[in-house]
$ cat upload30.txt   # compact mmCIF, N, CA, C and O atoms
# COMPACT_ATOMS: atom_id res chain seq x y z
N MET A 29 -30.90 -9.68 44.40
CA MET A 29 -31.61 -8.86 43.46
C MET A 29 -33.08 -8.87 43.86
O MET A 29 -33.62 -9.91 44.18
N LEU A 30 -33.70 -7.73 43.86
CA LEU A 30 -35.08 -7.57 44.29
C LEU A 30 -35.78 -6.61 43.36
O LEU A 30 -35.26 -5.54 43.07
N ARG A 31 -36.95 -6.99 42.89
CA ARG A 31 -37.75 -6.05 42.09
C ARG A 31 -38.45 -5.14 43.08
O ARG A 31 -39.15 -5.60 43.96
N TYR A 32 -38.23 -3.85 42.93
CA TYR A 32 -38.68 -2.96 43.98
C TYR A 32 -39.79 -1.99 43.58
O TYR A 32 -40.08 -1.06 44.32
N GLN A 33 -40.48 -2.22 42.47
CA GLN A 33 -41.54 -1.31 42.04
C GLN A 33 -42.61 -1.14 43.11
O GLN A 33 -43.18 -0.08 43.24
N THR A 34 -42.90 -2.18 43.85
CA THR A 34 -43.99 -2.13 44.83
C THR A 34 -43.54 -1.59 46.18
O THR A 34 -44.37 -1.36 47.05
N LEU A 35 -42.24 -1.39 46.37
CA LEU A 35 -41.75 -0.86 47.63
C LEU A 35 -41.87 0.66 47.66
O LEU A 35 -41.61 1.32 46.66
N THR A 36 -42.23 1.18 48.81
CA THR A 36 -42.24 2.63 48.97
C THR A 36 -40.81 3.08 49.29
O THR A 36 -39.95 2.26 49.61
N VAL A 37 -40.58 4.37 49.22
CA VAL A 37 -39.27 4.91 49.57
C VAL A 37 -38.95 4.55 51.02
O VAL A 37 -37.83 4.17 51.34
N ALA A 38 -39.95 4.64 51.89
CA ALA A 38 -39.75 4.30 53.30
C ALA A 38 -39.36 2.83 53.46
O ALA A 38 -38.48 2.50 54.27
N ASP A 39 -40.00 1.94 52.69
CA ASP A 39 -39.67 0.51 52.75
C ASP A 39 -38.22 0.28 52.33
O ASP A 39 -37.49 -0.49 52.95
N LEU A 40 -37.79 0.93 51.27
CA LEU A 40 -36.43 0.76 50.77
C LEU A 40 -35.42 1.30 51.77
O LEU A 40 -34.39 0.68 52.02
N GLN A 41 -35.72 2.44 52.37
CA GLN A 41 -34.84 2.99 53.40
C GLN A 41 -34.73 2.04 54.59
O GLN A 41 -33.66 1.85 55.15
N GLU A 42 -35.85 1.43 54.96
CA GLU A 42 -35.86 0.48 56.07
C GLU A 42 -34.95 -0.71 55.76
O GLU A 42 -34.18 -1.15 56.59
N LEU A 43 -35.03 -1.22 54.54
CA LEU A 43 -34.16 -2.33 54.14
C LEU A 43 -32.69 -1.92 54.19
O LEU A 43 -31.85 -2.69 54.63
N ARG A 44 -32.40 -0.72 53.73
CA ARG A 44 -31.01 -0.26 53.69
C ARG A 44 -30.42 -0.11 55.09
O ARG A 44 -29.24 -0.35 55.29
N THR A 45 -31.21 0.31 56.03
CA THR A 45 -30.65 0.63 57.33
C THR A 45 -30.71 -0.50 58.33
O THR A 45 -29.76 -0.72 59.07
N ARG A 46 -31.77 -1.23 58.36
CA ARG A 46 -31.95 -2.15 59.46
C ARG A 46 -31.30 -3.51 59.27
O ARG A 46 -30.15 -3.70 59.65
N PRO A 47 -31.99 -4.48 58.71
CA PRO A 47 -31.44 -5.83 58.71
C PRO A 47 -30.18 -5.99 57.85
O PRO A 47 -29.25 -6.70 58.23
N PHE A 48 -30.14 -5.30 56.72
CA PHE A 48 -29.02 -5.50 55.82
C PHE A 48 -27.74 -4.87 56.37
O PHE A 48 -26.68 -5.47 56.33
N ARG A 49 -27.83 -3.66 56.86
CA ARG A 49 -26.63 -3.00 57.39
C ARG A 49 -26.06 -3.78 58.56
O ARG A 49 -24.85 -3.94 58.68
N GLU A 50 -26.93 -4.30 59.42
CA GLU A 50 -26.48 -5.10 60.56
C GLU A 50 -25.74 -6.35 60.10
O GLU A 50 -24.85 -6.83 60.78
N ALA A 51 -26.11 -6.87 58.93
CA ALA A 51 -25.48 -8.09 58.40
C ALA A 51 -24.28 -7.76 57.50
O ALA A 51 -23.69 -8.66 56.90
N GLY A 52 -23.93 -6.48 57.36
CA GLY A 52 -22.80 -6.10 56.53
C GLY A 52 -23.10 -6.10 55.04
O GLY A 52 -22.22 -6.26 54.21
N VAL A 53 -24.37 -5.92 54.70
CA VAL A 53 -24.81 -5.93 53.30
C VAL A 53 -25.13 -4.51 52.86
O VAL A 53 -25.75 -3.75 53.59
N THR A 54 -24.68 -4.15 51.66
CA THR A 54 -24.97 -2.85 51.08
C THR A 54 -26.03 -3.02 50.01
O THR A 54 -25.95 -3.94 49.20
N ILE A 55 -27.00 -2.12 50.00
CA ILE A 55 -28.06 -2.17 48.99
C ILE A 55 -27.86 -0.99 48.04
O ILE A 55 -27.69 0.14 48.48
N LYS A 56 -27.88 -1.28 46.75
CA LYS A 56 -27.69 -0.26 45.72
C LYS A 56 -28.70 -0.43 44.60
O LYS A 56 -29.07 -1.55 44.26
N VAL A 57 -29.13 0.68 44.06
CA VAL A 57 -29.90 0.67 42.82
C VAL A 57 -28.89 0.98 41.73
O VAL A 57 -28.23 2.02 41.77
N VAL A 58 -28.72 0.05 40.79
CA VAL A 58 -27.70 0.18 39.75
C VAL A 58 -28.34 -0.12 38.40
O VAL A 58 -29.19 -1.01 38.30
N LYS A 59 -27.95 0.59 37.39
CA LYS A 59 -28.46 0.30 36.04
C LYS A 59 -28.03 -1.10 35.62
O LYS A 59 -26.88 -1.48 35.82
N ASN A 60 -28.98 -1.84 35.07
CA ASN A 60 -28.70 -3.22 34.65
C ASN A 60 -27.56 -3.27 33.63
O ASN A 60 -26.77 -4.20 33.63
N ARG A 61 -27.46 -2.28 32.79
CA ARG A 61 -26.38 -2.23 31.79
C ARG A 61 -25.02 -2.22 32.48
O ARG A 61 -24.09 -2.89 32.05
N LEU A 62 -24.90 -1.46 33.57
CA LEU A 62 -23.63 -1.41 34.29
C LEU A 62 -23.30 -2.75 34.94
O LEU A 62 -22.13 -3.15 34.99
N VAL A 63 -24.31 -3.46 35.40
CA VAL A 63 -24.08 -4.79 35.98
C VAL A 63 -23.59 -5.74 34.89
O VAL A 63 -22.64 -6.50 35.10
N ARG A 64 -24.19 -5.67 33.72
CA ARG A 64 -23.75 -6.51 32.60
C ARG A 64 -22.29 -6.24 32.24
O ARG A 64 -21.50 -7.17 32.04
N VAL A 65 -21.93 -4.97 32.16
CA VAL A 65 -20.55 -4.60 31.83
C VAL A 65 -19.60 -5.12 32.90
O VAL A 65 -18.55 -5.68 32.60
N ALA A 66 -19.96 -4.93 34.16
CA ALA A 66 -19.10 -5.39 35.26
C ALA A 66 -18.92 -6.91 35.21
O ALA A 66 -17.81 -7.41 35.42
N LEU A 67 -19.99 -7.65 34.95
CA LEU A 67 -19.88 -9.11 34.88
C LEU A 67 -18.97 -9.55 33.75
O LEU A 67 -18.25 -10.54 33.87
N GLN A 68 -18.98 -8.83 32.64
CA GLN A 68 -18.11 -9.17 31.51
C GLN A 68 -16.63 -8.97 31.83
O GLN A 68 -15.78 -9.58 31.23
N GLU A 69 -16.35 -8.12 32.80
CA GLU A 69 -14.96 -7.82 33.18
C GLU A 69 -14.37 -8.85 34.14
O GLU A 69 -13.17 -8.85 34.39
N ILE A 70 -15.21 -9.72 34.68
CA ILE A 70 -14.75 -10.72 35.66
C ILE A 70 -14.78 -12.09 34.98
O ILE A 70 -15.84 -12.56 34.57
N ASP A 71 -13.62 -12.73 34.87
CA ASP A 71 -13.52 -14.00 34.16
C ASP A 71 -14.52 -15.04 34.65
O ASP A 71 -15.13 -15.76 33.86
N THR A 72 -14.73 -15.12 35.95
CA THR A 72 -15.65 -16.11 36.52
C THR A 72 -17.08 -15.93 36.02
O THR A 72 -17.80 -16.89 35.87
N TYR A 73 -17.48 -14.69 35.76
CA TYR A 73 -18.87 -14.40 35.40
C TYR A 73 -19.06 -14.03 33.93
O TYR A 73 -20.17 -13.68 33.52
N LYS A 74 -18.01 -14.12 33.14
CA LYS A 74 -18.07 -13.71 31.74
C LYS A 74 -19.18 -14.40 30.94
O LYS A 74 -19.81 -13.80 30.09
N GLU A 75 -19.40 -15.66 31.23
CA GLU A 75 -20.39 -16.45 30.48
C GLU A 75 -21.77 -16.46 31.14
O GLU A 75 -22.67 -17.18 30.71
N THR A 76 -21.97 -15.65 32.17
CA THR A 76 -23.24 -15.63 32.90
C THR A 76 -24.36 -15.09 32.02
O THR A 76 -24.19 -14.07 31.34
N ASP A 77 -25.51 -15.77 32.03
CA ASP A 77 -26.68 -15.30 31.30
C ASP A 77 -27.26 -14.10 32.05
O ASP A 77 -27.65 -14.21 33.21
N THR A 78 -27.31 -12.96 31.42
CA THR A 78 -27.83 -11.76 32.06
C THR A 78 -29.22 -11.38 31.53
O THR A 78 -29.69 -10.27 31.74
N GLY A 79 -29.87 -12.31 30.88
CA GLY A 79 -31.19 -12.06 30.31
C GLY A 79 -32.24 -11.74 31.34
O GLY A 79 -33.26 -11.11 31.04
N PHE A 80 -32.02 -12.14 32.57
CA PHE A 80 -32.99 -11.90 33.64
C PHE A 80 -32.87 -10.49 34.23
O PHE A 80 -33.68 -10.07 35.05
N LEU A 81 -31.86 -9.74 33.82
CA LEU A 81 -31.66 -8.38 34.34
C LEU A 81 -32.57 -7.42 33.58
O LEU A 81 -32.16 -6.70 32.68
N VAL A 82 -33.84 -7.40 33.97
CA VAL A 82 -34.85 -6.62 33.28
C VAL A 82 -35.65 -5.84 34.31
O VAL A 82 -35.97 -6.36 35.39
N GLY A 83 -35.98 -4.61 34.00
CA GLY A 83 -36.81 -3.81 34.90
C GLY A 83 -35.98 -3.16 36.00
O GLY A 83 -34.76 -3.13 35.96
N GLN A 84 -36.69 -2.62 36.97
CA GLN A 84 -36.05 -1.93 38.07
C GLN A 84 -35.65 -2.94 39.14
O GLN A 84 -36.49 -3.62 39.69
N LEU A 85 -34.35 -3.03 39.41
CA LEU A 85 -33.83 -4.00 40.36
C LEU A 85 -32.99 -3.31 41.42
O LEU A 85 -32.38 -2.29 41.18
N VAL A 86 -32.96 -3.92 42.59
CA VAL A 86 -32.10 -3.48 43.68
C VAL A 86 -31.09 -4.59 43.90
O VAL A 86 -31.45 -5.77 43.93
N TYR A 87 -29.82 -4.24 44.04
CA TYR A 87 -28.78 -5.22 44.25
C TYR A 87 -28.28 -5.15 45.68
O TYR A 87 -27.99 -4.07 46.18
N ALA A 88 -28.17 -6.31 46.31
CA ALA A 88 -27.63 -6.40 47.66
C ALA A 88 -26.26 -7.07 47.55
O ALA A 88 -26.13 -8.15 46.97
N VAL A 89 -25.23 -6.41 48.10
CA VAL A 89 -23.86 -6.89 47.96
C VAL A 89 -23.23 -6.99 49.34
O VAL A 89 -23.40 -6.10 50.17
N SER A 90 -22.52 -8.10 49.56
CA SER A 90 -21.78 -8.23 50.82
C SER A 90 -20.36 -8.67 50.54
O SER A 90 -20.07 -9.18 49.47
N GLY A 91 -19.49 -8.43 51.50
CA GLY A 91 -18.08 -8.79 51.34
C GLY A 91 -17.92 -10.24 51.57
O GLY A 91 -17.13 -10.97 51.15

$ encode --input "upload30.txt" --output "structure tokens"
Amino acid sequence: MLRYQTLTVADLQELRTRPFREAGVTIKVVKNRLVRVALQEIDTYKETDTGFLVGQLVYAVSG
């Protein structure tokens, strides 16, 4: 998770294409509400504190 307010569009594109893609990581901008709902659907993460999901965030996900 990365707060990206200070990143330019070019910076974000660079992150998406270069180091992360080479490492098999996908970068997505997702509404925090959707992340909360998804976490509630997974038994392992049901009790996770999501209070830190505030503001504009970028999520990096890998397999």

$ closest_residue --input "upload30.txt" --among "A:Gln84, A:Thr78, A:Ala38, A:Phe48" --to "Val63 (chain A)" --atoms "all atoms listed in the file"
A:Thr78

$ atom_distance --input "upload30.txt" --atom1 "CA of Glu50 (chain A)" --atom2 "CA of Ala66 (chain A)"
26.4 Å

$ closest_residue --input "upload30.txt" --among "A:Leu35, A:Leu43, A:Leu67, A:Val82" --to "Ile55 (chain A)" --atoms "only C-alpha atoms"
A:Leu43

$ atom_distance --input "upload30.txt" --atom1 "atom O of Gly79 (chain A)" --atom2 "CA of Asn60 (chain A)"
9.8 Å

$ select_by_dssp --input "upload30.txt" --residues "chain A" --states "strand (DSSP E)" --output "mmCIF file with N, CA, C and O atoms, keeping the file's coordinate frame"
data_model
loop_
_atom_site.group_PDB
_atom_site.id
_atom_site.type_symbol
_atom_site.label_atom_id
_atom_site.label_comp_id
_atom_site.auth_asym_id
_atom_site.auth_seq_id
_atom_site.Cartn_x
_atom_site.Cartn_y
_atom_site.Cartn_z
ATOM 1 N N LEU A 30 -33.700 -7.730 43.860
ATOM 2 C CA LEU A 30 -35.080 -7.570 44.290
ATOM 3 C C LEU A 30 -35.780 -6.610 43.360
ATOM 4 O O LEU A 30 -35.260 -5.540 43.070
ATOM 5 N N ARG A 31 -36.950 -6.990 42.890
ATOM 6 C CA ARG A 31 -37.750 -6.050 42.090
ATOM 7 C C ARG A 31 -38.450 -5.140 43.080
ATOM 8 O O ARG A 31 -39.150 -5.600 43.960
ATOM 9 N N VAL A 53 -24.370 -5.920 54.700
ATOM 10 C CA VAL A 53 -24.810 -5.930 53.300
ATOM 11 C C VAL A 53 -25.130 -4.510 52.860
ATOM 12 O O VAL A 53 -25.750 -3.750 53.590
ATOM 13 N N THR A 54 -24.680 -4.150 51.660
ATOM 14 C CA THR A 54 -24.970 -2.850 51.080
ATOM 15 C C THR A 54 -26.030 -3.020 50.010
ATOM 16 O O THR A 54 -25.950 -3.940 49.200
ATOM 17 N N ILE A 55 -27.000 -2.120 50.000
ATOM 18 C CA ILE A 55 -28.060 -2.170 48.990
ATOM 19 C C ILE A 55 -27.860 -0.990 48.040
ATOM 20 O O ILE A 55 -27.690 0.140 48.480
ATOM 21 N N LYS A 56 -27.880 -1.280 46.750
ATOM 22 C CA LYS A 56 -27.690 -0.260 45.720
ATOM 23 C C LYS A 56 -28.700 -0.430 44.600
ATOM 24 O O LYS A 56 -29.070 -1.550 44.260
ATOM 25 N N VAL A 57 -29.130 0.680 44.060
ATOM 26 C CA VAL A 57 -29.900 0.670 42.820
ATOM 27 C C VAL A 57 -28.890 0.980 41.730
ATOM 28 O O VAL A 57 -28.230 2.020 41.770
ATOM 29 N N LEU A 85 -34.350 -3.030 39.410
ATOM 30 C CA LEU A 85 -33.830 -4.000 40.360
ATOM 31 C C LEU A 85 -32.990 -3.310 41.420
ATOM 32 O O LEU A 85 -32.380 -2.290 41.180
ATOM 33 N N VAL A 86 -32.960 -3.920 42.590
ATOM 34 C CA VAL A 86 -32.100 -3.480 43.680
ATOM 35 C C VAL A 86 -31.090 -4.590 43.900
ATOM 36 O O VAL A 86 -31.450 -5.770 43.930
ATOM 37 N N TYR A 87 -29.820 -4.240 44.040
ATOM 38 C CA TYR A 87 -28.780 -5.220 44.250
ATOM 39 C C TYR A 87 -28.280 -5.150 45.680
ATOM 40 O O TYR A 87 -27.990 -4.070 46.180
ATOM 41 N N ALA A 88 -28.170 -6.310 46.310
ATOM 42 C CA ALA A 88 -27.630 -6.400 47.660
ATOM 43 C C ALA A 88 -26.260 -7.070 47.550
ATOM 44 O O ALA A 88 -26.130 -8.150 46.970
ATOM 45 N N VAL A 89 -25.230 -6.410 48.100
ATOM 46 C CA VAL A 89 -23.860 -6.890 47.960
ATOM 47 C C VAL A 89 -23.230 -6.990 49.340
ATOM 48 O O VAL A 89 -23.400 -6.100 50.170
ATOM 49 N N SER A 90 -22.520 -8.100 49.560
ATOM 50 C CA SER A 90 -21.780 -8.230 50.820
ATOM 51 C C SER A 90 -20.360 -8.670 50.540
ATOM 52 O O SER A 90 -20.070 -9.180 49.470
#

$ atom_distance --input "upload30.txt" --atom1 "CA of Thr54 (chain A)" --atom2 "atom O of Thr36 (chain A)"
15.9 Å

$ residues_around --input "upload30.txt" --residues "Arg44 (chain A)" --least-positions-apart "6" --cutoff "12 Å" --atoms "only C-alpha atoms" --output "list in words"
Val37, Ala38, Glu50, Ala51, Gly52, Val53, Thr54, Ile55, Lys56, Val57, Val86, Tyr87, Ala88 and Val89 of chain A

$ write_last_selection --input "upload30.txt" --atoms "N, CA, C and O atoms" --output "tab-separated table (two decimals), keeping the file's coordinate frame"
chain	number	residue	atom	x	y	z
A	37	VAL	N	-40.58	4.37	49.22
A	37	VAL	CA	-39.27	4.91	49.57
A	37	VAL	C	-38.95	4.55	51.02
A	37	VAL	O	-37.83	4.17	51.34
A	38	ALA	N	-39.95	4.64	51.89
A	38	ALA	CA	-39.75	4.30	53.30
A	38	ALA	C	-39.36	2.83	53.46
A	38	ALA	O	-38.48	2.50	54.27
A	50	GLU	N	-26.93	-4.30	59.42
A	50	GLU	CA	-26.48	-5.10	60.56
A	50	GLU	C	-25.74	-6.35	60.10
A	50	GLU	O	-24.85	-6.83	60.78
A	51	ALA	N	-26.11	-6.87	58.93
A	51	ALA	CA	-25.48	-8.09	58.40
A	51	ALA	C	-24.28	-7.76	57.50
A	51	ALA	O	-23.69	-8.66	56.90
A	52	GLY	N	-23.93	-6.48	57.36
A	52	GLY	CA	-22.80	-6.10	56.53
A	52	GLY	C	-23.10	-6.10	55.04
A	52	GLY	O	-22.22	-6.26	54.21
A	53	VAL	N	-24.37	-5.92	54.70
A	53	VAL	CA	-24.81	-5.93	53.30
A	53	VAL	C	-25.13	-4.51	52.86
A	53	VAL	O	-25.75	-3.75	53.59
A	54	THR	N	-24.68	-4.15	51.66
A	54	THR	CA	-24.97	-2.85	51.08
A	54	THR	C	-26.03	-3.02	50.01
A	54	THR	O	-25.95	-3.94	49.20
A	55	ILE	N	-27.00	-2.12	50.00
A	55	ILE	CA	-28.06	-2.17	48.99
A	55	ILE	C	-27.86	-0.99	48.04
A	55	ILE	O	-27.69	0.14	48.48
A	56	LYS	N	-27.88	-1.28	46.75
A	56	LYS	CA	-27.69	-0.26	45.72
A	56	LYS	C	-28.70	-0.43	44.60
A	56	LYS	O	-29.07	-1.55	44.26
A	57	VAL	N	-29.13	0.68	44.06
A	57	VAL	CA	-29.90	0.67	42.82
A	57	VAL	C	-28.89	0.98	41.73
A	57	VAL	O	-28.23	2.02	41.77
A	86	VAL	N	-32.96	-3.92	42.59
A	86	VAL	CA	-32.10	-3.48	43.68
A	86	VAL	C	-31.09	-4.59	43.90
A	86	VAL	O	-31.45	-5.77	43.93
A	87	TYR	N	-29.82	-4.24	44.04
A	87	TYR	CA	-28.78	-5.22	44.25
A	87	TYR	C	-28.28	-5.15	45.68
A	87	TYR	O	-27.99	-4.07	46.18
A	88	ALA	N	-28.17	-6.31	46.31
A	88	ALA	CA	-27.63	-6.40	47.66
A	88	ALA	C	-26.26	-7.07	47.55
A	88	ALA	O	-26.13	-8.15	46.97
A	89	VAL	N	-25.23	-6.41	48.10
A	89	VAL	CA	-23.86	-6.89	47.96
A	89	VAL	C	-23.23	-6.99	49.34
A	89	VAL	O	-23.40	-6.10	50.17

$ build_atoms --input "upload30.txt" --residues "region 53-64 of chain A" --atoms "all heavy atoms" --output "PDB file, in the frame of the given file"
ATOM      1  N   VAL A  53     -24.370  -5.920  54.700  1.00  0.00           N
ATOM      2  CA  VAL A  53     -24.810  -5.930  53.300  1.00  0.00           C
ATOM      3  C   VAL A  53     -25.130  -4.510  52.860  1.00  0.00           C
ATOM      4  O   VAL A  53     -25.750  -3.750  53.590  1.00  0.00           O
ATOM      5  CB  VAL A  53     -26.064  -6.823  53.133  1.00  0.00           C
ATOM      6  CG1 VAL A  53     -26.612  -6.754  51.721  1.00  0.00           C
ATOM      7  CG2 VAL A  53     -25.748  -8.252  53.527  1.00  0.00           C
ATOM      8  N   THR A  54     -24.680  -4.150  51.660  1.00  0.00           N
ATOM      9  CA  THR A  54     -24.970  -2.850  51.080  1.00  0.00           C
ATOM     10  C   THR A  54     -26.030  -3.020  50.010  1.00  0.00           C
ATOM     11  O   THR A  54     -25.950  -3.940  49.200  1.00  0.00           O
ATOM     12  CB  THR A  54     -23.704  -2.257  50.442  1.00  0.00           C
ATOM     13  OG1 THR A  54     -22.694  -2.177  51.450  1.00  0.00           O
ATOM     14  CG2 THR A  54     -23.957  -0.885  49.864  1.00  0.00           C
ATOM     15  N   ILE A  55     -27.000  -2.120  50.000  1.00  0.00           N
ATOM     16  CA  ILE A  55     -28.060  -2.170  48.990  1.00  0.00           C
ATOM     17  C   ILE A  55     -27.860  -0.990  48.040  1.00  0.00           C
ATOM     18  O   ILE A  55     -27.690   0.140  48.480  1.00  0.00           O
ATOM     19  CB  ILE A  55     -29.450  -2.101  49.639  1.00  0.00           C
ATOM     20  CG1 ILE A  55     -29.685  -3.361  50.443  1.00  0.00           C
ATOM     21  CG2 ILE A  55     -30.516  -1.901  48.591  1.00  0.00           C
ATOM     22  CD1 ILE A  55     -31.067  -3.485  50.987  1.00  0.00           C
ATOM     23  N   LYS A  56     -27.880  -1.280  46.750  1.00  0.00           N
ATOM     24  CA  LYS A  56     -27.690  -0.260  45.720  1.00  0.00           C
ATOM     25  C   LYS A  56     -28.700  -0.430  44.600  1.00  0.00           C
ATOM     26  O   LYS A  56     -29.070  -1.550  44.260  1.00  0.00           O
ATOM     27  CB  LYS A  56     -26.295  -0.362  45.095  1.00  0.00           C
ATOM     28  CG  LYS A  56     -25.164  -0.074  46.030  1.00  0.00           C
ATOM     29  CD  LYS A  56     -25.046   1.394  46.281  1.00  0.00           C
ATOM     30  CE  LYS A  56     -23.846   1.663  47.155  1.00  0.00           C
ATOM     31  NZ  LYS A  56     -23.756   3.049  47.536  1.00  0.00           N
ATOM     32  N   VAL A  57     -29.130   0.680  44.060  1.00  0.00           N
ATOM     33  CA  VAL A  57     -29.900   0.670  42.820  1.00  0.00           C
ATOM     34  C   VAL A  57     -28.890   0.980  41.730  1.00  0.00           C
ATOM     35  O   VAL A  57     -28.230   2.020  41.770  1.00  0.00           O
ATOM     36  CB  VAL A  57     -31.017   1.730  42.846  1.00  0.00           C
ATOM     37  CG1 VAL A  57     -31.742   1.784  41.511  1.00  0.00           C
ATOM     38  CG2 VAL A  57     -31.999   1.440  43.978  1.00  0.00           C
ATOM     39  N   VAL A  58     -28.720   0.050  40.790  1.00  0.00           N
ATOM     40  CA  VAL A  58     -27.700   0.180  39.750  1.00  0.00           C
ATOM     41  C   VAL A  58     -28.340  -0.120  38.400  1.00  0.00           C
ATOM     42  O   VAL A  58     -29.190  -1.010  38.300  1.00  0.00           O
ATOM     43  CB  VAL A  58     -26.544  -0.833  39.984  1.00  0.00           C
ATOM     44  CG1 VAL A  58     -25.461  -0.664  38.946  1.00  0.00           C
ATOM     45  CG2 VAL A  58     -25.981  -0.693  41.382  1.00  0.00           C
ATOM     46  N   LYS A  59     -27.950   0.590  37.390  1.00  0.00           N
ATOM     47  CA  LYS A  59     -28.460   0.300  36.040  1.00  0.00           C
ATOM     48  C   LYS A  59     -28.030  -1.100  35.620  1.00  0.00           C
ATOM     49  O   LYS A  59     -26.880  -1.480  35.820  1.00  0.00           O
ATOM     50  CB  LYS A  59     -27.943   1.327  35.040  1.00  0.00           C
ATOM     51  CG  LYS A  59     -28.523   2.705  35.240  1.00  0.00           C
ATOM     52  CD  LYS A  59     -28.142   3.592  34.080  1.00  0.00           C
ATOM     53  CE  LYS A  59     -28.813   4.924  34.206  1.00  0.00           C
ATOM     54  NZ  LYS A  59     -30.198   4.901  33.793  1.00  0.00           N
ATOM     55  N   ASN A  60     -28.980  -1.840  35.070  1.00  0.00           N
ATOM     56  CA  ASN A  60     -28.700  -3.220  34.650  1.00  0.00           C
ATOM     57  C   ASN A  60     -27.560  -3.270  33.630  1.00  0.00           C
ATOM     58  O   ASN A  60     -26.770  -4.200  33.630  1.00  0.00           O
ATOM     59  CB  ASN A  60     -29.960  -3.865  34.089  1.00  0.00           C
ATOM     60  CG  ASN A  60     -31.018  -4.052  35.148  1.00  0.00           C
ATOM     61  OD1 ASN A  60     -30.714  -4.284  36.305  1.00  0.00           O
ATOM     62  ND2 ASN A  60     -32.264  -3.941  34.755  1.00  0.00           N
ATOM     63  N   ARG A  61     -27.460  -2.280  32.790  1.00  0.00           N
ATOM     64  CA  ARG A  61     -26.380  -2.230  31.790  1.00  0.00           C
ATOM     65  C   ARG A  61     -25.020  -2.220  32.480  1.00  0.00           C
ATOM     66  O   ARG A  61     -24.090  -2.890  32.050  1.00  0.00           O
ATOM     67  CB  ARG A  61     -26.565  -0.994  30.902  1.00  0.00           C
ATOM     68  CG  ARG A  61     -25.443  -0.768  29.936  1.00  0.00           C
ATOM     69  CD  ARG A  61     -25.534  -1.727  28.749  1.00  0.00           C
ATOM     70  NE  ARG A  61     -24.409  -1.481  27.871  1.00  0.00           N
ATOM     71  CZ  ARG A  61     -23.488  -2.382  27.567  1.00  0.00           C
ATOM     72  NH1 ARG A  61     -23.580  -3.604  28.042  1.00  0.00           N
ATOM     73  NH2 ARG A  61     -22.508  -2.092  26.766  1.00  0.00           N
ATOM     74  N   LEU A  62     -24.900  -1.460  33.570  1.00  0.00           N
ATOM     75  CA  LEU A  62     -23.630  -1.410  34.290  1.00  0.00           C
ATOM     76  C   LEU A  62     -23.300  -2.750  34.940  1.00  0.00           C
ATOM     77  O   LEU A  62     -22.130  -3.150  34.990  1.00  0.00           O
ATOM     78  CB  LEU A  62     -23.669  -0.308  35.355  1.00  0.00           C
ATOM     79  CG  LEU A  62     -23.768   1.112  34.815  1.00  0.00           C
ATOM     80  CD1 LEU A  62     -23.869   2.105  35.972  1.00  0.00           C
ATOM     81  CD2 LEU A  62     -22.592   1.446  33.932  1.00  0.00           C
ATOM     82  N   VAL A  63     -24.310  -3.460  35.400  1.00  0.00           N
ATOM     83  CA  VAL A  63     -24.080  -4.790  35.980  1.00  0.00           C
ATOM     84  C   VAL A  63     -23.590  -5.740  34.890  1.00  0.00           C
ATOM     85  O   VAL A  63     -22.640  -6.500  35.100  1.00  0.00           O
ATOM     86  CB  VAL A  63     -25.351  -5.340  36.647  1.00  0.00           C
ATOM     87  CG1 VAL A  63     -25.162  -6.771  37.102  1.00  0.00           C
ATOM     88  CG2 VAL A  63     -25.744  -4.459  37.829  1.00  0.00           C
ATOM     89  N   ARG A  64     -24.190  -5.670  33.720  1.00  0.00           N
ATOM     90  CA  ARG A  64     -23.750  -6.510  32.600  1.00  0.00           C
ATOM     91  C   ARG A  64     -22.290  -6.240  32.240  1.00  0.00           C
ATOM     92  O   ARG A  64     -21.500  -7.170  32.040  1.00  0.00           O
ATOM     93  CB  ARG A  64     -24.634  -6.288  31.379  1.00  0.00           C
ATOM     94  CG  ARG A  64     -25.976  -6.928  31.483  1.00  0.00           C
ATOM     95  CD  ARG A  64     -26.744  -6.819  30.160  1.00  0.00           C
ATOM     96  NE  ARG A  64     -28.072  -7.317  30.342  1.00  0.00           N
ATOM     97  CZ  ARG A  64     -29.136  -6.548  30.595  1.00  0.00           C
ATOM     98  NH1 ARG A  64     -29.004  -5.238  30.671  1.00  0.00           N
ATOM     99  NH2 ARG A  64     -30.317  -7.090  30.772  1.00  0.00           N
TER     100      ARG A  64
END
